[in-house]
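Engineer: Mind having a look at this structure? Questions to follow.
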Amino acid sequence: MAAIASACARRNAFKVVGRSGRSSSRGPRFLPLAVSASWGVGAVVESNPAMKPYFLRMSLRSVGLLAAGCCVLGAGACESPPGFPVNPGVELPGAGRPVLVGMLIDSRGEPVANEVTTLNRWTSSHDGGDSSTFGGGLVLTDADGWFRMDSSILDPLILPADGRRAVGLTGSGDRIAYYDARRAFAPGVHYIGDLLLSHSRDAHALRVLSDVDLLGRLDVVMNRGSGARDACLVEMARRGGAAMRERLAGLESAGRRRWPESDSDTALITARNRAERLADPLVMELSPDQPRRVECPVGELPRVSIALVNRDPKGRSIRFCLKSEGRDHGLAVDCEPSDGVRDSFQVFPVHPGGLYLRGDSWEIAPGESAAHEVQLSSYLAINSPGQYRVRLAFRTGTSEMVEGTYGAGGWESVNRLTRGAIFIYSPWITLDVRARD
């Protein structure tokens, strides 16, 4: 028996598998139980000499069955929840309201210790509409990454038949973790396993999620900005499959029903086509008379002629608008210096807030195009001579085209497009920027 207990203790160093599909070491808590059982059987045999011949005559099959039973007992203990309380000095109630307990882990599977997070509940309908968020206070992890959610937002909630609910934690650096909680929790303690805390646009973290968890995370980030939503759409398109295609089709249909006169959601329809392994519905081309290489002095960037072309194999018309002058919310410039020095230029974001004047409206059928001229200096400033590659990026439905921090002095440290977002790109153009005469 002791040998069996030792073997069970060595099995994967006692793993508990959470909803994320990862496993983490928790220590062999079942070992004392197995050792005690082994000692107890031995003591009974030693105190009853008449039983010794019986145990000596046990068949190999009986010994095997006994060993298997011990292994099952050990495995069951391996998957049991940890001891409570989780946070030092805090007792978990056993009744009154639901309490969810688990471990917060990062994308490497390591515990996230001493993290201050905000507890939230997200609800939405099946097609992604009517999304709402409720705050539920702060949740702290302990030195080993354990957390407990104890809040009225976990109380029973009436949802429509196609509704969804998730509870989750929002940490520092725009990191989130969530748990699919559309079922009602009874009062008491519920162990929910490991929750993955990662940046909302972390592509690697999204790849380790199951299909169910990926779709649940999409529900959570629908209203957190284009980059977070698009990162989920990119992963859904990469996987393809019936579940991903069905959800993308549902989101597109719901958007058309709610806002029939609005611009097309270029990120969503692009992700849907890619999930179905079809060509992108909208492409950006350079006009035939647009040079692929341009020379200009510092401070005098050229105009670029482009055309947005509907090449949708699904036959949809695509609606959007573009401003003929000034900076358009749906355009940005991606820039790469040949020397790799990224502080030699700055890309301009759309100023947050304020009045936005729409430009020319377009609705192009398959095969049709919309020609447009873009003044690069409205979106990009190049401060040093050198060679640069630039391309235009377009998408509808957001002003979050570039990353940066907006302070009292304006936008700071802005030199890249929003990571994770789905853009329609033009071909690259080479700029040879010389010093001013």
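Naming scheme: A, B, ... for chains in displayed order of the structure tokens; residues 1 onward per chain; ligands 1 onward as shown.
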For Tyr178 (chain A), work out the shell of residues within 8 Å, counting only C-alpha atoms and skipping chain neighbours fewer than 4 positions away, then give it as a ChimeraX atom specification.
Structural biologist: /A:166-169,195-196,217,220
Engineer: Identify, with DSSP run on backbone atoms, the residues in region 189-224 of chain A assigned to strand (DSSP E or B), and express the list as a PyMOL selection string.
Structural biologist: chain A and resi 189-196+198-199
Engineer: For a quick check of understanding, using only C-alpha atoms, which of A:Ala186, A:Gly397, A:Arg165, A:Arg293 has the smallest distance to Trp259 (chain A)?
Structural biologist: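 Nearest candidate to Trp259 (chain A) out of A:Ala186, A:Gly397, A:Arg165, A:Arg293: A:Gly397.
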Engineer: Looking only at alpha helix (DSSP H) from DSSP on the backbone, list the matching residues of region 98-337 of chain A as a ChimeraX atom specification.
Structural biologist: /A:203-207,211-221,226-239,241-258,266-275
Engineer: What would the file look like if the residues just selected were written as a JSON list (two decimals), in the first residue's frame with C-alpha atoms?
Structural biologist:
[["chain", "number", "residue", "atom", "x", "y", "z"],
["A", 203, "ALA", "CA", -2.71, 36.45, -29.39],
["A", 204, "HIS", "CA", -0.68, 33.68, -27.69],
["A", 205, "ALA", "CA", -3.05, 33.58, -24.74],
["A", 206, "LEU", "CA", -6.06, 33.34, -27.05],
["A", 207, "ARG", "CA", -4.56, 30.35, -28.85],
["A", 211, "ASP", "CA", -13.46, 27.13, -28.52],
["A", 212, "VAL", "CA", -16.01, 27.65, -25.75],
["A", 213, "ASP", "CA", -13.66, 29.86, -23.76],
["A", 214, "LEU", "CA", -12.65, 31.86, -26.83],
["A", 215, "LEU", "CA", -16.29, 32.63, -27.64],
["A", 216, "GLY", "CA", -16.90, 33.51, -24.01],
["A", 217, "ARG", "CA", -13.96, 35.90, -24.02],
["A", 218, "LEU", "CA", -15.37, 37.54, -27.15],
["A", 219, "ASP", "CA", -18.57, 38.27, -25.21],
["A", 220, "VAL", "CA", -16.53, 39.93, -22.48],
["A", 221, "VAL", "CA", -14.44, 42.17, -24.76],
["A", 226, "SER", "CA", -11.60, 47.41, -31.35],
["A", 227, "GLY", "CA", -8.21, 45.88, -30.59],
["A", 228, "ALA", "CA", -9.54, 43.50, -27.92],
["A", 229, "ARG", "CA", -12.53, 42.46, -30.01],
["A", 230, "ASP", "CA", -10.51, 42.11, -33.21],
["A", 231, "ALA", "CA", -7.91, 39.93, -31.49],
["A", 232, "CYS", "CA", -10.68, 37.41, -30.77],
["A", 233, "LEU", "CA", -11.97, 37.73, -34.33],
["A", 234, "VAL", "CA", -8.47, 37.02, -35.70],
["A", 235, "GLU", "CA", -8.20, 33.84, -33.63],
["A", 236, "MET", "CA", -11.70, 32.76, -34.62],
["A", 237, "ALA", "CA", -10.80, 33.26, -38.28],
["A", 238, "ARG", "CA", -7.56, 31.29, -37.83],
["A", 239, "ARG", "CA", -9.42, 28.32, -36.35],
["A", 241, "GLY", "CA", -14.85, 25.49, -37.95],
["A", 242, "ALA", "CA", -18.60, 25.39, -37.53],
["A", 243, "ALA", "CA", -18.77, 27.06, -34.11],
["A", 244, "MET", "CA", -16.65, 30.04, -35.20],
["A", 245, "ARG", "CA", -18.48, 30.47, -38.50],
["A", 246, "GLU", "CA", -21.87, 30.31, -36.82],
["A", 247, "ARG", "CA", -20.97, 32.97, -34.24],
["A", 248, "LEU", "CA", -19.47, 35.32, -36.86],
["A", 249, "ALA", "CA", -22.53, 34.94, -39.09],
["A", 250, "GLY", "CA", -24.79, 35.65, -36.11],
["A", 251, "LEU", "CA", -22.87, 38.81, -35.18],
["A", 252, "GLU", "CA", -23.07, 40.11, -38.75],
["A", 253, "SER", "CA", -26.81, 39.42, -39.02],
["A", 254, "ALA", "CA", -27.48, 41.07, -35.66],
["A", 255, "GLY", "CA", -25.53, 44.17, -36.68],
["A", 256, "ARG", "CA", -27.52, 44.54, -39.90],
["A", 257, "ARG", "CA", -30.80, 44.21, -38.02],
["A", 258, "ARG", "CA", -29.94, 46.83, -35.40],
["A", 266, "THR", "CA", -15.14, 45.66, -42.19],
["A", 267, "ALA", "CA", -13.32, 43.82, -39.40],
["A", 268, "LEU", "CA", -16.23, 41.45, -38.81],
["A", 269, "ILE", "CA", -16.96, 40.64, -42.45],
["A", 270, "THR", "CA", -13.24, 40.14, -43.09],
["A", 271, "ALA", "CA", -12.96, 37.73, -40.15],
["A", 272, "ARG", "CA", -16.03, 35.84, -41.35],
["A", 273, "ASN", "CA", -14.62, 35.40, -44.84],
["A", 274, "ARG", "CA", -11.28, 34.22, -43.47],
["A", 275, "ALA", "CA", -13.02, 31.72, -41.18]]
Engineer: Find the residues near Leu104 (chain A): any atom within 12 Å, counting only C-alpha atoms, skip ones fewer than 5 places away on the same chain, and give them as number ranges by chain.
Structural biologist: A: 18-20, 22-24, 109-117, 139-149, 168-171, 175-179, 192-198
Engineer: Can you tell me, as a PyMOL selection string, what residues are no more than 7 Å from Ala435 (chain A) when counting only C-alpha atoms, ignoring any on the same chain fewer than 2 positions away?
Structural biologist: chain A and resi 297-298+385+433+437
Engineer: Write out, as an mmCIF file, in the first residue's frame, the residues just selected, with C-alpha atoms.
Structural biologist:
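Ended up saving to part-v8.cif:
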data_model
loop_
_atom_site.group_PDB
_atom_site.id
_atom_site.type_symbol
_atom_site.label_atom_id
_atom_site.label_comp_id
_atom_site.auth_asym_id
_atom_site.auth_seq_id
_atom_site.Cartn_x
_atom_site.Cartn_y
_atom_site.Cartn_z
ATOM 1 C CA PRO A 297 11.909 66.720 -48.133
ATOM 2 C CA VAL A 298 11.317 66.553 -44.384
ATOM 3 C CA PRO A 385 15.913 62.166 -43.283
ATOM 4 C CA VAL A 433 12.991 61.617 -47.229
ATOM 5 C CA ASP A 437 17.399 72.621 -48.691
#
Engineer: When distances are computed from only C-alpha atoms, which of A:Ser264, A:Ser172, A:Gln290, A:Ser317 shows the smallest separation from Val304 (chain A)?
Structural biologist: A:Gln290
Engineer: So the first atom is CA of Ile422 (chain A) and the second is CA of Ser377 (chain A); what is the distance between them in Å, to one decimal place?
Structural biologist: 23.2 Å
Engineer: Quick one: residues within 7 Å of Tyr379 (chain A), only C-alpha atoms, excluding same-chain residues fewer than 5 positions away - as a count of residues only?
Structural biologist: 5
Engineer: What is the CA of Ser210 (chain A)-CA of Pro98 (chain A) distance in Å, reported with one decimal?
Structural biologist: 25.6 Å
Engineer: May I have the residues within 9 Å of Val390 (chain A) as a list in words, using only C-alpha atoms and disregarding those fewer than 5 positions away in the same chain?
Structural biologist: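 Within the cut-off, the hits are Val333, Asp334, Cys335, Glu336, Pro337, Pro427, Trp428, Ile429, Thr430 and Leu431 of chain A.
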Engineer: Would you export the selected residues with N, CA and C atoms as an mmCIF file, in the first residue's frame, please?
Structural biologist:
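Writing the result to selection-v7.cif gives the following:
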data_model
loop_
_atom_site.group_PDB
_atom_site.id
_atom_site.type_symbol
_atom_site.label_atom_id
_atom_site.label_comp_id
_atom_site.auth_asym_id
_atom_site.auth_seq_id
_atom_site.Cartn_x
_atom_site.Cartn_y
_atom_site.Cartn_z
ATOM 1 N N VAL A 333 -1.794 55.490 -40.902
ATOM 2 C CA VAL A 333 -0.616 55.169 -41.693
ATOM 3 C C VAL A 333 0.319 54.297 -40.862
ATOM 4 N N ASP A 334 0.706 53.185 -41.434
ATOM 5 C CA ASP A 334 1.701 52.299 -40.844
ATOM 6 C C ASP A 334 3.053 52.669 -41.436
ATOM 7 N N CYS A 335 4.055 52.849 -40.576
ATOM 8 C CA CYS A 335 5.362 53.335 -41.034
ATOM 9 C C CYS A 335 6.476 52.460 -40.478
ATOM 10 N N GLU A 336 7.449 52.142 -41.346
ATOM 11 C CA GLU A 336 8.626 51.364 -40.950
ATOM 12 C C GLU A 336 9.881 52.045 -41.468
ATOM 13 N N PRO A 337 10.732 52.567 -40.567
ATOM 14 C CA PRO A 337 11.995 53.169 -41.012
ATOM 15 C C PRO A 337 13.008 52.088 -41.380
ATOM 16 N N PRO A 427 -0.833 48.442 -50.524
ATOM 17 C CA PRO A 427 0.559 48.014 -50.731
ATOM 18 C C PRO A 427 1.523 49.053 -50.140
ATOM 19 N N TRP A 428 2.758 48.624 -49.886
ATOM 20 C CA TRP A 428 3.768 49.523 -49.334
ATOM 21 C C TRP A 428 4.237 50.525 -50.387
ATOM 22 N N ILE A 429 4.564 51.715 -49.921
ATOM 23 C CA ILE A 429 5.198 52.758 -50.729
ATOM 24 C C ILE A 429 6.502 53.140 -50.051
ATOM 25 N N THR A 430 7.556 53.302 -50.817
ATOM 26 C CA THR A 430 8.852 53.705 -50.268
ATOM 27 C C THR A 430 8.990 55.229 -50.353
ATOM 28 N N LEU A 431 9.333 55.845 -49.229
ATOM 29 C CA LEU A 431 9.578 57.283 -49.173
ATOM 30 C C LEU A 431 11.063 57.525 -48.939
#
Engineer: Rounded to one decimal in Å, what is the spacing between CA of Ser369 (chain A) and CA of Gly326 (chain A)?
Structural biologist: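 Taking CA of Ser369 (chain A) as the start and CA of Gly326 (chain A) as the end point, the length is 21.5 Å.
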